[in-house]
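J.: So here's start00.cif, just mmCIF, C-alpha atoms:
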data_coords
#
loop_
_atom_site.group_PDB
_atom_site.id
_atom_site.type_symbol
_atom_site.label_atom_id
_atom_site.label_comp_id
_atom_site.auth_asym_id
_atom_site.auth_seq_id
_atom_site.Cartn_x
_atom_site.Cartn_y
_atom_site.Cartn_z
ATOM 1 C CA ILE A 1 -14.084 9.738 -26.596
ATOM 2 C CA ALA A 2 -12.545 6.733 -28.236
ATOM 3 C CA PRO A 3 -13.635 6.208 -31.848
ATOM 4 C CA ALA A 4 -15.717 3.178 -32.687
ATOM 5 C CA ILE A 5 -13.599 0.270 -33.864
ATOM 6 C CA PRO A 6 -14.498 -0.802 -37.412
ATOM 7 C CA THR A 7 -14.493 -4.474 -38.249
ATOM 8 C CA ILE A 8 -13.568 -5.815 -41.663
ATOM 9 C CA HIS A 9 -15.273 -9.080 -42.536
ATOM 10 C CA LEU A 10 -13.503 -11.513 -44.824
ATOM 11 C CA GLY A 11 -16.579 -12.204 -46.933
ATOM 12 C CA VAL A 12 -17.236 -8.538 -47.715
ATOM 13 C CA GLN A 13 -15.911 -7.199 -51.019
ATOM 14 C CA ARG A 14 -14.129 -4.205 -49.592
ATOM 15 C CA ARG A 15 -10.523 -3.164 -49.906
ATOM 16 C CA LEU A 16 -8.897 -3.793 -46.556
ATOM 17 C CA HIS A 17 -6.433 -0.916 -46.750
ATOM 18 C CA GLN A 18 -9.105 1.723 -47.343
ATOM 19 C CA PRO A 19 -11.403 1.635 -44.268
ATOM 20 C CA THR A 20 -11.075 4.295 -41.616
ATOM 21 C CA PRO A 21 -8.580 2.953 -39.070
ATOM 22 C CA MET A 22 -9.662 2.484 -35.487
ATOM 23 C CA ARG A 23 -6.782 4.793 -34.615
ATOM 24 C CA ARG A 24 -4.324 6.846 -36.632
ATOM 25 C CA LEU A 25 -1.042 7.822 -35.030
ATOM 26 C CA ILE A 26 1.214 10.401 -36.648
ATOM 27 C CA TRP A 27 4.647 11.275 -35.342
ATOM 28 C CA ASN A 28 7.298 13.673 -36.476
ATOM 29 C CA ALA A 29 10.257 11.373 -36.139
ATOM 30 C CA ASN A 30 12.648 14.203 -35.348
ATOM 31 C CA SER A 31 10.575 15.433 -32.400
ATOM 32 C CA ALA A 32 9.295 13.923 -29.186
ATOM 33 C CA SER A 33 5.656 14.635 -29.912
ATOM 34 C CA SER A 34 2.698 12.690 -31.194
ATOM 35 C CA VAL A 35 -0.162 14.319 -33.043
ATOM 36 C CA PHE A 36 -3.527 12.967 -34.134
ATOM 37 C CA GLU A 37 -4.564 14.346 -37.486
ATOM 38 C CA ILE A 38 -5.349 13.260 -41.025
ATOM 39 C CA MET A 39 -2.687 13.734 -43.668
ATOM 40 C CA THR A 40 -3.176 13.032 -47.349
ATOM 41 C CA LYS A 41 0.261 11.624 -48.094
ATOM 42 C CA PRO A 42 2.450 10.756 -45.106
ATOM 43 C CA PRO A 43 6.093 10.033 -45.946
ATOM 44 C CA PHE A 44 6.204 6.630 -44.189
ATOM 45 C CA GLN A 45 2.880 4.817 -43.891
ATOM 46 C CA ILE A 46 2.443 1.610 -41.914
ATOM 47 C CA ASP A 47 -0.824 -0.325 -41.653
ATOM 48 C CA LEU A 48 -1.081 -2.636 -38.664
ATOM 49 C CA TRP A 49 -3.806 -5.263 -38.516
ATOM 50 C CA PHE A 50 -4.869 -7.075 -35.349
ATOM 51 C CA ALA A 51 -6.968 -10.236 -35.329
ATOM 52 C CA SER A 52 -8.271 -12.560 -32.658
ATOM 53 C CA LEU A 53 -7.281 -16.076 -33.682
ATOM 54 C CA ALA A 54 -9.999 -17.463 -31.416
ATOM 55 C CA ASP A 55 -12.714 -15.549 -33.286
ATOM 56 C CA GLY A 56 -15.388 -18.036 -34.288
ATOM 57 C CA ARG A 57 -16.478 -15.814 -37.175
ATOM 58 C CA ILE A 58 -13.361 -16.795 -39.126
ATOM 59 C CA ASP A 59 -14.265 -19.845 -41.195
ATOM 60 C CA ARG A 60 -11.644 -22.519 -40.544
ATOM 61 C CA GLU A 61 -12.334 -24.372 -43.800
ATOM 62 C CA TRP A 62 -11.871 -21.130 -45.706
ATOM 63 C CA ALA A 63 -8.625 -20.453 -43.856
ATOM 64 C CA ALA A 64 -7.151 -23.895 -44.562
ATOM 65 C CA ALA A 65 -8.046 -23.614 -48.241
ATOM 66 C CA GLN A 66 -5.989 -20.430 -48.650
ATOM 67 C CA LEU A 67 -2.633 -21.980 -47.717
ATOM 68 C CA SER A 68 0.011 -23.244 -50.098
ATOM 69 C CA THR A 69 1.104 -26.865 -50.068
ATOM 70 C CA ALA A 70 4.219 -25.909 -48.100
ATOM 71 C CA GLU A 71 2.182 -23.964 -45.537
ATOM 72 C CA SER A 72 -0.278 -26.829 -45.141
ATOM 73 C CA SER A 73 2.608 -29.221 -44.614
ATOM 74 C CA ARG A 74 4.063 -26.901 -41.985
ATOM 75 C CA ALA A 75 0.683 -26.671 -40.232
ATOM 76 C CA ASN A 76 0.432 -30.456 -40.043
ATOM 77 C CA GLN A 77 3.719 -30.596 -38.144
ATOM 78 C CA PHE A 78 2.246 -28.884 -35.085
ATOM 79 C CA ARG A 79 1.608 -31.279 -32.235
ATOM 80 C CA PHE A 80 -1.211 -29.367 -30.587
ATOM 81 C CA ASP A 81 -4.494 -28.488 -32.311
ATOM 82 C CA ARG A 82 -4.479 -24.933 -30.950
ATOM 83 C CA ASP A 83 -1.025 -24.200 -32.384
ATOM 84 C CA ARG A 84 -2.025 -25.701 -35.730
ATOM 85 C CA ASP A 85 -5.244 -23.666 -35.826
ATOM 86 C CA HIS A 86 -3.453 -20.416 -34.983
ATOM 87 C CA TYR A 87 -0.845 -21.013 -37.672
ATOM 88 C CA ILE A 88 -3.495 -21.708 -40.305
ATOM 89 C CA VAL A 89 -5.695 -18.745 -39.405
ATOM 90 C CA SER A 90 -2.853 -16.215 -39.054
ATOM 91 C CA HIS A 91 -1.285 -17.177 -42.386
ATOM 92 C CA ALA A 92 -4.653 -17.164 -44.139
ATOM 93 C CA LEU A 93 -5.324 -13.662 -42.802
ATOM 94 C CA LEU A 94 -1.894 -12.518 -43.977
ATOM 95 C CA ARG A 95 -2.720 -13.828 -47.448
ATOM 96 C CA ARG A 96 -6.085 -12.048 -47.349
ATOM 97 C CA VAL A 97 -4.530 -8.683 -46.464
ATOM 98 C CA LEU A 98 -1.803 -8.988 -49.109
ATOM 99 C CA ALA A 99 -4.281 -10.231 -51.725
ATOM 100 C CA ASP A 100 -6.372 -7.139 -51.245
ATOM 101 C CA GLN A 101 -3.331 -4.928 -51.683
ATOM 102 C CA LEU A 102 -2.378 -6.730 -54.901
ATOM 103 C CA ASN A 103 -5.928 -7.225 -56.212
ATOM 104 C CA LEU A 104 -5.420 -11.000 -56.330
ATOM 105 C CA SER A 105 -6.994 -13.998 -54.679
ATOM 106 C CA PRO A 106 -5.309 -15.132 -51.443
ATOM 107 C CA THR A 107 -4.235 -18.403 -53.028
ATOM 108 C CA ALA A 108 -2.432 -16.508 -55.811
ATOM 109 C CA ILE A 109 0.037 -14.889 -53.410
ATOM 110 C CA LEU A 110 3.552 -16.245 -53.883
ATOM 111 C CA PHE A 111 6.255 -16.004 -51.259
ATOM 112 C CA GLU A 112 9.992 -16.414 -51.299
ATOM 113 C CA LYS A 113 12.665 -16.129 -48.638
ATOM 114 C CA GLY A 114 15.187 -13.346 -48.302
ATOM 115 C CA PRO A 115 18.920 -13.993 -47.855
ATOM 116 C CA ALA A 116 18.480 -14.784 -44.145
ATOM 117 C CA GLY A 117 15.149 -16.555 -44.489
ATOM 118 C CA LYS A 118 12.674 -13.718 -43.895
ATOM 119 C CA PRO A 119 9.496 -14.311 -45.957
ATOM 120 C CA ARG A 120 8.749 -11.741 -48.644
ATOM 121 C CA LEU A 121 6.576 -11.418 -51.723
ATOM 122 C CA ALA A 122 7.953 -13.290 -54.708
ATOM 123 C CA ALA A 123 9.702 -11.103 -57.253
ATOM 124 C CA ASP A 124 7.096 -12.162 -59.834
ATOM 125 C CA HIS A 125 4.574 -9.873 -58.111
ATOM 126 C CA GLY A 126 6.710 -6.832 -58.895
ATOM 127 C CA SER A 127 5.430 -5.089 -55.778
ATOM 128 C CA PRO A 128 7.259 -2.874 -53.249
ATOM 129 C CA ILE A 129 5.055 -4.192 -50.417
ATOM 130 C CA GLU A 130 6.918 -5.147 -47.259
ATOM 131 C CA PHE A 131 5.103 -7.161 -44.594
ATOM 132 C CA ASN A 132 5.606 -8.998 -41.360
ATOM 133 C CA LEU A 133 3.496 -11.330 -39.223
ATOM 134 C CA SER A 134 3.545 -12.113 -35.514
ATOM 135 C CA HIS A 135 1.189 -14.042 -33.281
ATOM 136 C CA SER A 136 1.064 -14.877 -29.589
ATOM 137 C CA GLY A 137 -1.684 -16.282 -27.420
ATOM 138 C CA ASP A 138 -4.934 -15.675 -29.295
ATOM 139 C CA GLN A 139 -3.800 -12.547 -31.161
ATOM 140 C CA ALA A 140 -2.160 -12.003 -34.539
ATOM 141 C CA MET A 141 -0.508 -8.813 -35.772
ATOM 142 C CA ILE A 142 0.231 -8.041 -39.424
ATOM 143 C CA GLY A 143 2.287 -5.083 -40.595
ATOM 144 C CA VAL A 144 2.183 -3.829 -44.194
ATOM 145 C CA THR A 145 3.930 -0.916 -45.895
ATOM 146 C CA THR A 146 5.308 0.063 -49.271
ATOM 147 C CA ASP A 147 7.912 2.403 -47.801
ATOM 148 C CA GLY A 148 10.641 0.095 -46.521
ATOM 149 C CA PRO A 149 11.522 -2.951 -44.410
ATOM 150 C CA ILE A 150 9.443 -3.463 -41.264
ATOM 151 C CA GLY A 151 9.153 -5.945 -38.447
ATOM 152 C CA VAL A 152 6.342 -6.470 -35.947
ATOM 153 C CA ASP A 153 6.023 -8.408 -32.727
ATOM 154 C CA ILE A 154 3.164 -9.081 -30.329
ATOM 155 C CA GLU A 155 3.414 -10.962 -27.046
ATOM 156 C CA SER A 156 0.855 -12.108 -24.503
ATOM 157 C CA VAL A 157 1.765 -10.718 -21.075
ATOM 158 C CA SER A 158 0.261 -13.840 -19.501
ATOM 159 C CA ARG A 159 2.924 -15.961 -21.154
ATOM 160 C CA SER A 160 4.823 -17.858 -18.483
ATOM 161 C CA VAL A 161 8.555 -17.249 -18.927
ATOM 162 C CA ASP A 162 11.528 -16.807 -16.631
ATOM 163 C CA GLN A 163 11.938 -13.097 -17.236
ATOM 164 C CA ALA A 164 15.097 -12.672 -15.183
ATOM 165 C CA GLU A 165 16.832 -15.477 -17.077
ATOM 166 C CA ILE A 166 15.860 -14.037 -20.458
ATOM 167 C CA VAL A 167 17.018 -10.565 -19.404
ATOM 168 C CA ASN A 168 20.374 -11.950 -18.309
ATOM 169 C CA ARG A 169 20.842 -14.003 -21.472
ATOM 170 C CA PHE A 170 19.418 -11.796 -24.213
ATOM 171 C CA PHE A 171 19.232 -8.160 -23.110
ATOM 172 C CA SER A 172 22.073 -5.754 -23.761
ATOM 173 C CA PRO A 173 24.141 -4.509 -20.784
ATOM 174 C CA ARG A 174 22.301 -1.176 -20.793
ATOM 175 C CA GLU A 175 18.890 -2.867 -20.981
ATOM 176 C CA LYS A 176 19.840 -5.219 -18.134
ATOM 177 C CA SER A 177 20.975 -2.324 -15.984
ATOM 178 C CA GLU A 178 17.831 -0.269 -16.581
ATOM 179 C CA TRP A 179 15.548 -3.266 -16.045
ATOM 180 C CA ASN A 180 17.249 -4.251 -12.792
ATOM 181 C CA GLN A 181 16.822 -0.703 -11.464
ATOM 182 C CA LEU A 182 13.043 -0.924 -11.815
ATOM 183 C CA SER A 183 10.758 -1.876 -8.962
ATOM 184 C CA LEU A 184 9.552 -5.479 -8.957
ATOM 185 C CA ALA A 185 6.046 -4.242 -9.786
ATOM 186 C CA ASP A 186 7.274 -2.505 -12.960
ATOM 187 C CA ARG A 187 9.590 -5.181 -14.274
ATOM 188 C CA SER A 188 7.097 -7.477 -16.000
ATOM 189 C CA ASP A 189 5.584 -4.783 -18.225
ATOM 190 C CA ALA A 190 9.040 -3.406 -18.995
ATOM 191 C CA PHE A 191 10.201 -6.889 -19.929
ATOM 192 C CA PHE A 192 7.491 -7.302 -22.568
ATOM 193 C CA ARG A 193 7.986 -3.768 -23.874
ATOM 194 C CA THR A 194 11.680 -4.474 -24.314
ATOM 195 C CA TRP A 195 11.212 -7.936 -25.778
ATOM 196 C CA THR A 196 8.665 -6.867 -28.398
ATOM 197 C CA ARG A 197 10.797 -3.909 -29.468
ATOM 198 C CA LYS A 198 13.924 -6.050 -29.775
ATOM 199 C CA GLU A 199 12.051 -8.719 -31.741
ATOM 200 C CA ALA A 200 10.489 -6.133 -34.059
ATOM 201 C CA TYR A 201 13.909 -4.667 -34.797
ATOM 202 C CA VAL A 202 15.601 -7.942 -35.640
ATOM 203 C CA LYS A 203 12.602 -8.950 -37.785
ATOM 204 C CA ALA A 204 12.833 -5.659 -39.681
ATOM 205 C CA ARG A 205 16.487 -6.453 -40.375
ATOM 206 C CA GLY A 206 15.508 -9.891 -41.628
ATOM 207 C CA ASN A 207 18.451 -11.757 -40.157
ATOM 208 C CA GLY A 208 16.675 -13.289 -37.158
ATOM 209 C CA LEU A 209 18.734 -15.509 -34.895
ATOM 210 C CA GLY A 210 21.891 -14.500 -36.727
ATOM 211 C CA HIS A 211 21.813 -11.140 -34.935
ATOM 212 C CA ASP A 212 23.057 -11.373 -31.336
ATOM 213 C CA SER A 213 20.361 -9.778 -29.168
ATOM 214 C CA GLU A 214 22.876 -8.729 -26.502
ATOM 215 C CA ARG A 215 24.627 -6.507 -29.011
ATOM 216 C CA TYR A 216 21.789 -4.084 -29.748
ATOM 217 C CA THR A 217 19.821 -1.782 -27.461
ATOM 218 C CA VAL A 218 16.298 -0.372 -27.637
ATOM 219 C CA ASP A 219 14.559 2.321 -25.621
ATOM 220 C CA PHE A 220 11.813 0.500 -23.709
ATOM 221 C CA GLN A 221 10.697 3.524 -21.700
ATOM 222 C CA SER A 222 9.422 5.850 -24.434
ATOM 223 C CA LYS A 223 5.769 5.974 -25.485
ATOM 224 C CA PHE A 224 6.801 7.476 -28.817
ATOM 225 C CA PRO A 225 8.902 6.203 -31.727
ATOM 226 C CA THR A 226 12.598 6.415 -31.031
ATOM 227 C CA PRO A 227 15.684 5.543 -33.055
ATOM 228 C CA LEU A 228 17.451 2.331 -32.188
ATOM 229 C CA ILE A 229 19.905 3.302 -29.445
ATOM 230 C CA SER A 230 22.804 1.227 -30.729
ATOM 231 C CA ASP A 231 23.864 -1.956 -32.496
ATOM 232 C CA ASP A 232 27.437 -3.120 -32.024
ATOM 233 C CA LEU A 233 27.167 -5.288 -35.129
ATOM 234 C CA ASP A 234 25.906 -2.423 -37.312
ATOM 235 C CA PRO A 235 27.029 1.047 -36.144
ATOM 236 C CA ASP A 236 24.872 2.732 -38.802
ATOM 237 C CA ALA A 237 21.659 1.078 -37.589
ATOM 238 C CA ALA A 238 20.928 3.840 -35.074
ATOM 239 C CA GLN A 239 20.643 6.217 -38.033
ATOM 240 C CA ASN A 240 18.414 3.901 -40.056
ATOM 241 C CA TYR A 241 15.935 2.117 -37.780
ATOM 242 C CA TRP A 242 13.027 3.410 -35.757
ATOM 243 C CA ILE A 243 11.353 1.466 -32.956
ATOM 244 C CA ILE A 244 7.632 2.195 -32.694
ATOM 245 C CA PRO A 245 5.543 1.266 -29.627
ATOM 246 C CA VAL A 246 2.082 0.076 -30.615
ATOM 247 C CA ALA A 247 -1.151 0.074 -28.618
ATOM 248 C CA ALA A 248 -2.057 -3.616 -28.485
ATOM 249 C CA PRO A 249 -5.264 -5.365 -27.373
ATOM 250 C CA ASN A 250 -5.695 -5.841 -23.632
ATOM 251 C CA GLY A 251 -3.307 -8.409 -22.224
ATOM 252 C CA TYR A 252 -0.707 -7.905 -24.960
ATOM 253 C CA ARG A 253 2.283 -5.724 -25.753
ATOM 254 C CA ALA A 254 3.325 -4.968 -29.315
ATOM 255 C CA ALA A 255 5.904 -3.051 -31.293
ATOM 256 C CA CYS A 256 6.880 -2.261 -34.853
ATOM 257 C CA ALA A 257 10.286 -1.413 -36.289
ATOM 258 C CA ALA A 258 10.977 0.262 -39.606
ATOM 259 C CA LYS A 259 14.026 1.116 -41.633
ATOM 260 C CA MET A 260 13.845 4.796 -42.563
ATOM 261 C CA ASP A 261 15.745 8.066 -42.450
ATOM 262 C CA LEU A 262 15.647 9.937 -39.156
ATOM 263 C CA ASP A 263 13.812 12.923 -40.644
ATOM 264 C CA HIS A 264 10.778 10.920 -41.809
ATOM 265 C CA GLN A 265 7.319 11.419 -40.466
ATOM 266 C CA ILE A 266 5.672 8.171 -39.379
ATOM 267 C CA THR A 267 1.992 7.312 -39.708
ATOM 268 C CA CYS A 268 0.568 4.099 -38.250
ATOM 269 C CA ASP A 269 -3.003 3.105 -39.006
ATOM 270 C CA LEU A 270 -4.355 0.451 -36.647
ATOM 271 C CA HIS A 271 -7.093 -1.868 -37.879
ATOM 272 C CA GLU A 272 -9.088 -4.759 -36.501
ATOM 273 C CA LEU A 273 -9.414 -7.739 -38.816
ATOM 274 C CA VAL A 274 -12.156 -10.306 -38.305
#
Please, can you express the file's structure as structure tokens?

T.:
Amino acid sequence: IAPAIPTIHLGVQRRLHQPTPMRRLIWNANSASSVFEIMTKPPFQIDLWFASLADGRIDREWAAAQLSTAESSRANQFRFDRDRDHYIVSHALLRRVLADQLNLSPTAILFEKGPAGKPRLAADHGSPIEFNLSHSGDQAMIGVTTDGPIGVDIESVSRSVDQAEIVNRFFSPREKSEWNQLSLADRSDAFFRTWTRKEAYVKARGNGLGHDSERYTVDFQSKFPTPLISDDLDPDAAQNYWIIPVAAPNGYRAACAAKMDLDHQITCDLHELV
């Protein structure tokens, strides 16, 4: 029986990282098994928050008021109202989650960019928190941890893209070969599994477009966390990065990547944020 999914309301004075998750996944990273149990102090803890950006319960005036001047300026550059709204809401929710972790107001959160442009908490906060944000369609995904660099990615499977062209241009030779061997019926889901895992990895690295996607390979078949298969640009990456498949809302595929030693245990807590 699936557990009831708790909802965390923005107006409620409750610490967002403390509620019982809708699902807790625990893996021993050096084995091919997944166990469901409660542990008091897992070695590598990741909290993943999902939110529907179309949820009418999220006050749009509240959301807009949380953004910095730079974020508001960025929001105003969007041509379409839907894109602008999703940017505002997703970034306000990110601020809300981080504010709760830091015991600050959302507007007090300060960001800076890493060497390759990845957003991070400003050094003034003195916090080890690592985070990442992704949104697609009407869903947002936020990853938070204090244990090391992470990246997350969520994609709507209804997104209209030329999958074969993207595979040929951006997948590694091994990924192309495995994808082309699949039946036509299986290719679309495999495409989004691969794409989200590749995006999560490069976001965990923090070097974005500067990392040639054809040069690294992920395992898109496994239902469990697996090490990065290879990265021609960083031979040590296969010993340092884990790719974690994530159960996403219906109509979406999602993944998380984390930089950690191969002998770590991984715990992901999944939450719904409204």

J.: Tell me, in Å to one decimal, how far CA of Ser222 (chain A) is from CA of Leu273 (chain A).

T.: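 A separation of 27.3 Å between them.
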
J.: I'd like the contact shell of region 50-52 of chain A - 9 Å cut-off, all atoms listed in the file, skipping same-chain residues fewer than 3 positions apart - returned as an NGL selection string.

T.: :A and (55 or 90 or 93 or 138-142 or 248-249 or 270-274)

J.: Keeping only C-alpha atoms, write those residues as a PDB file, in the coordinates of the input.

T.:
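This is the output file again07.pdb:
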ATOM      1  CA  ASP A  55     -12.714 -15.549 -33.286  1.00  0.00           C
ATOM      2  CA  SER A  90      -2.853 -16.215 -39.054  1.00  0.00           C
ATOM      3  CA  LEU A  93      -5.324 -13.662 -42.802  1.00  0.00           C
ATOM      4  CA  ASP A 138      -4.934 -15.675 -29.295  1.00  0.00           C
ATOM      5  CA  GLN A 139      -3.800 -12.547 -31.161  1.00  0.00           C
ATOM      6  CA  ALA A 140      -2.160 -12.003 -34.539  1.00  0.00           C
ATOM      7  CA  MET A 141      -0.508  -8.813 -35.772  1.00  0.00           C
ATOM      8  CA  ILE A 142       0.231  -8.041 -39.424  1.00  0.00           C
ATOM      9  CA  ALA A 248      -2.057  -3.616 -28.485  1.00  0.00           C
ATOM     10  CA  PRO A 249      -5.264  -5.365 -27.373  1.00  0.00           C
ATOM     11  CA  LEU A 270      -4.355   0.451 -36.647  1.00  0.00           C
ATOM     12  CA  HIS A 271      -7.093  -1.868 -37.879  1.00  0.00           C
ATOM     13  CA  GLU A 272      -9.088  -4.759 -36.501  1.00  0.00           C
ATOM     14  CA  LEU A 273      -9.414  -7.739 -38.816  1.00  0.00           C
ATOM     15  CA  VAL A 274     -12.156 -10.306 -38.305  1.00  0.00           C
TER      16      VAL A 274
END

J.: Under the PyMOL selection byres ((chain A and resi 149) around 7), which residues of this model are included? Write them out as a list in words.

T.: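 On the file shown, the PyMOL selection byres ((chain A and resi 149) around 7) covers Glu130, Gly148, Ile150, Ala204, Ala258 and Lys259 of chain A.
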
J.: Excluding Ser68 (chain A) and its own-chain neighbours fewer than 5 positions away, which residues fall within 10 Å of it when counting all atoms listed in the file? Please give them as a ChimeraX atom specification.

T.: /A:73-74,91-92,106-111

J.: Do you have the CA of Pro235 (chain A)-CA of Asn180 (chain A) distance handy?

T.: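 CA of Asn180 (chain A) lies at a distance of 25.9 Å from CA of Pro235 (chain A).
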
J.: Could you tell me which of A:Met260, A:Ala164, A:Glu199, A:Ala255 comes closest to Leu184 (chain A) if we count all atoms listed in the file?

T.: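 The shortest atom-to-atom distance to Leu184 (chain A) comes from A:Ala164.
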
J.: In Å, with one decimal, what is the gap from CA of Asp162 (chain A) to CA of Arg187 (chain A)?

T.: 12.0 Å

J.: Could you pull the residues within 12 Å of Gly206 (chain A), counting all atoms listed in the file, minus those fewer than 3 positions along the same chain, as a list in words?

T.: Lys113, Gly114, Pro115, Ala116, Gly117, Lys118, Pro119, Arg120, Glu130, Phe131, Asn132, Pro149, Ile150, Gly151, Val152, Glu199, Ala200, Tyr201, Val202, Lys203, Leu209, Gly210, His211, Ala257, Ala258 and Lys259 of chain A

J.: Restrict the selected residues to C-alpha atoms and save them as a PDB file, in the frame of the given file.

T.:
ATOM      1  CA  LYS A 113      12.665 -16.129 -48.638  1.00  0.00           C
ATOM      2  CA  GLY A 114      15.187 -13.346 -48.302  1.00  0.00           C
ATOM      3  CA  PRO A 115      18.920 -13.993 -47.855  1.00  0.00           C
ATOM      4  CA  ALA A 116      18.480 -14.784 -44.145  1.00  0.00           C
ATOM      5  CA  GLY A 117      15.149 -16.555 -44.489  1.00  0.00           C
ATOM      6  CA  LYS A 118      12.674 -13.718 -43.895  1.00  0.00           C
ATOM      7  CA  PRO A 119       9.496 -14.311 -45.957  1.00  0.00           C
ATOM      8  CA  ARG A 120       8.749 -11.741 -48.644  1.00  0.00           C
ATOM      9  CA  GLU A 130       6.918  -5.147 -47.259  1.00  0.00           C
ATOM     10  CA  PHE A 131       5.103  -7.161 -44.594  1.00  0.00           C
ATOM     11  CA  ASN A 132       5.606  -8.998 -41.360  1.00  0.00           C
ATOM     12  CA  PRO A 149      11.522  -2.951 -44.410  1.00  0.00           C
ATOM     13  CA  ILE A 150       9.443  -3.463 -41.264  1.00  0.00           C
ATOM     14  CA  GLY A 151       9.153  -5.945 -38.447  1.00  0.00           C
ATOM     15  CA  VAL A 152       6.342  -6.470 -35.947  1.00  0.00           C
ATOM     16  CA  GLU A 199      12.051  -8.719 -31.741  1.00  0.00           C
ATOM     17  CA  ALA A 200      10.489  -6.133 -34.059  1.00  0.00           C
ATOM     18  CA  TYR A 201      13.909  -4.667 -34.797  1.00  0.00           C
ATOM     19  CA  VAL A 202      15.601  -7.942 -35.640  1.00  0.00           C
ATOM     20  CA  LYS A 203      12.602  -8.950 -37.785  1.00  0.00           C
ATOM     21  CA  LEU A 209      18.734 -15.509 -34.895  1.00  0.00           C
ATOM     22  CA  GLY A 210      21.891 -14.500 -36.727  1.00  0.00           C
ATOM     23  CA  HIS A 211      21.813 -11.140 -34.935  1.00  0.00           C
ATOM     24  CA  ALA A 257      10.286  -1.413 -36.289  1.00  0.00           C
ATOM     25  CA  ALA A 258      10.977   0.262 -39.606  1.00  0.00           C
ATOM     26  CA  LYS A 259      14.026   1.116 -41.633  1.00  0.00           C
TER      27      LYS A 259
END

J.: Taking all atoms listed in the file into account, name the residue in A:Val157, A:Phe44, A:Ala190, A:Thr217 that is nearest to Asp263 (chain A).

T.: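 Result for the nearest residue to Asp263 (chain A): A:Phe44.
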
J.: Since I can't run it myself right now, could you work out what the PyMOL selection byres ((chain A and resi 221) around 12) selects here and report it as a list in words?

T.: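 Written out, the selection comes to Glu175, Glu178, Trp179, Leu182, Asp186, Arg187, Asp189, Ala190, Phe191, Phe192, Arg193, Thr194, Arg197, Val218, Asp219, Phe220, Ser222, Lys223, Phe224, Pro225, Thr226, Ile243, Ile244 and Pro245 of chain A.
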
J.: Have a look at A:Ala64, A:Ala123, A:Ala70, A:Ala237 and name the one nearest to Arg84 (chain A); count all atoms listed in the file.

T.: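 Of A:Ala64, A:Ala123, A:Ala70, A:Ala237, the one nearest Arg84 (chain A) is A:Ala64, counting all atoms listed in the file.
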
J.: Quick one: residues within 6 Å of Glu155 (chain A), all atoms listed in the file, excluding same-chain residues fewer than 5 positions away - as a list in words?

T.: Ser136, Tyr252 and Arg253 of chain A

J.: I need the residue set behind the PyMOL selection byres ((chain A and resi 146) around 8) for this file; please write it as a PDB file with C-alpha atoms, in the frame of the given file.

T.:
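The file below, part-v3.pdb, is the result:
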ATOM      1  CA  GLN A  45       2.880   4.817 -43.891  1.00  0.00           C
ATOM      2  CA  PRO A 128       7.259  -2.874 -53.249  1.00  0.00           C
ATOM      3  CA  ILE A 129       5.055  -4.192 -50.417  1.00  0.00           C
ATOM      4  CA  GLU A 130       6.918  -5.147 -47.259  1.00  0.00           C
ATOM      5  CA  VAL A 144       2.183  -3.829 -44.194  1.00  0.00           C
ATOM      6  CA  THR A 145       3.930  -0.916 -45.895  1.00  0.00           C
ATOM      7  CA  ASP A 147       7.912   2.403 -47.801  1.00  0.00           C
ATOM      8  CA  GLY A 148      10.641   0.095 -46.521  1.00  0.00           C
TER       9      GLY A 148
END

J.: As JSON, numbers by chain, please: the residues near Leu233 (chain A) (cut-off 10 Å, all atoms listed in the file, same-chain neighbours under 5 positions excluded).

T.: {"A": [211, 212, 215, 216]}

J.: Please write out, as lines of an AutoDock Vina configuration file, where the centre of an axis-aligned box around all listed atoms of region 261-271 of chain A lies and how long its edges are, in Å to one decimal, after adding 6 Å on each side.

T.:
center_x = 4.3
center_y = 5.5
center_z = -39.5
size_x = 34.8
size_y = 26.8
size_z = 17.8

J.: Restricting the calculation to only C-alpha atoms, which member of A:Glu214, A:Leu53, A:Gly137, A:Cys256 is positioned closest to Pro173 (chain A)?

T.: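 For Pro173 (chain A), the nearest of the given residues is A:Glu214.
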
J.: Where atoms are absent from region 78-83 of chain A, fill them in so it carries N, CA, C and O atoms, then output it as a PDB file, in the frame of the given file.

T.:
ATOM      1  N   PHE A  78       2.503 -29.310 -36.457  1.00  0.00           N
ATOM      2  CA  PHE A  78       2.246 -28.884 -35.085  1.00  0.00           C
ATOM      3  C   PHE A  78       1.620 -30.019 -34.287  1.00  0.00           C
ATOM      4  O   PHE A  78       0.704 -30.694 -34.763  1.00  0.00           O
ATOM      5  N   ARG A  79       2.088 -30.185 -33.085  1.00  0.00           N
ATOM      6  CA  ARG A  79       1.608 -31.279 -32.235  1.00  0.00           C
ATOM      7  C   ARG A  79       0.237 -30.990 -31.651  1.00  0.00           C
ATOM      8  O   ARG A  79      -0.608 -31.883 -31.533  1.00  0.00           O
ATOM      9  N   PHE A  80       0.027 -29.723 -31.278  1.00  0.00           N
ATOM     10  CA  PHE A  80      -1.211 -29.367 -30.587  1.00  0.00           C
ATOM     11  C   PHE A  80      -2.186 -28.686 -31.555  1.00  0.00           C
ATOM     12  O   PHE A  80      -1.787 -27.860 -32.395  1.00  0.00           O
ATOM     13  N   ASP A  81      -3.464 -29.021 -31.408  1.00  0.00           N
ATOM     14  CA  ASP A  81      -4.494 -28.488 -32.311  1.00  0.00           C
ATOM     15  C   ASP A  81      -4.549 -26.965 -32.263  1.00  0.00           C
ATOM     16  O   ASP A  81      -4.730 -26.310 -33.299  1.00  0.00           O
ATOM     17  N   ARG A  82      -4.399 -26.394 -31.082  1.00  0.00           N
ATOM     18  CA  ARG A  82      -4.479 -24.933 -30.950  1.00  0.00           C
ATOM     19  C   ARG A  82      -3.368 -24.259 -31.737  1.00  0.00           C
ATOM     20  O   ARG A  82      -3.600 -23.263 -32.434  1.00  0.00           O
ATOM     21  N   ASP A  83      -2.149 -24.780 -31.652  1.00  0.00           N
ATOM     22  CA  ASP A  83      -1.025 -24.200 -32.384  1.00  0.00           C
ATOM     23  C   ASP A  83      -1.239 -24.334 -33.890  1.00  0.00           C
ATOM     24  O   ASP A  83      -0.942 -23.404 -34.649  1.00  0.00           O
TER      25      ASP A  83
END
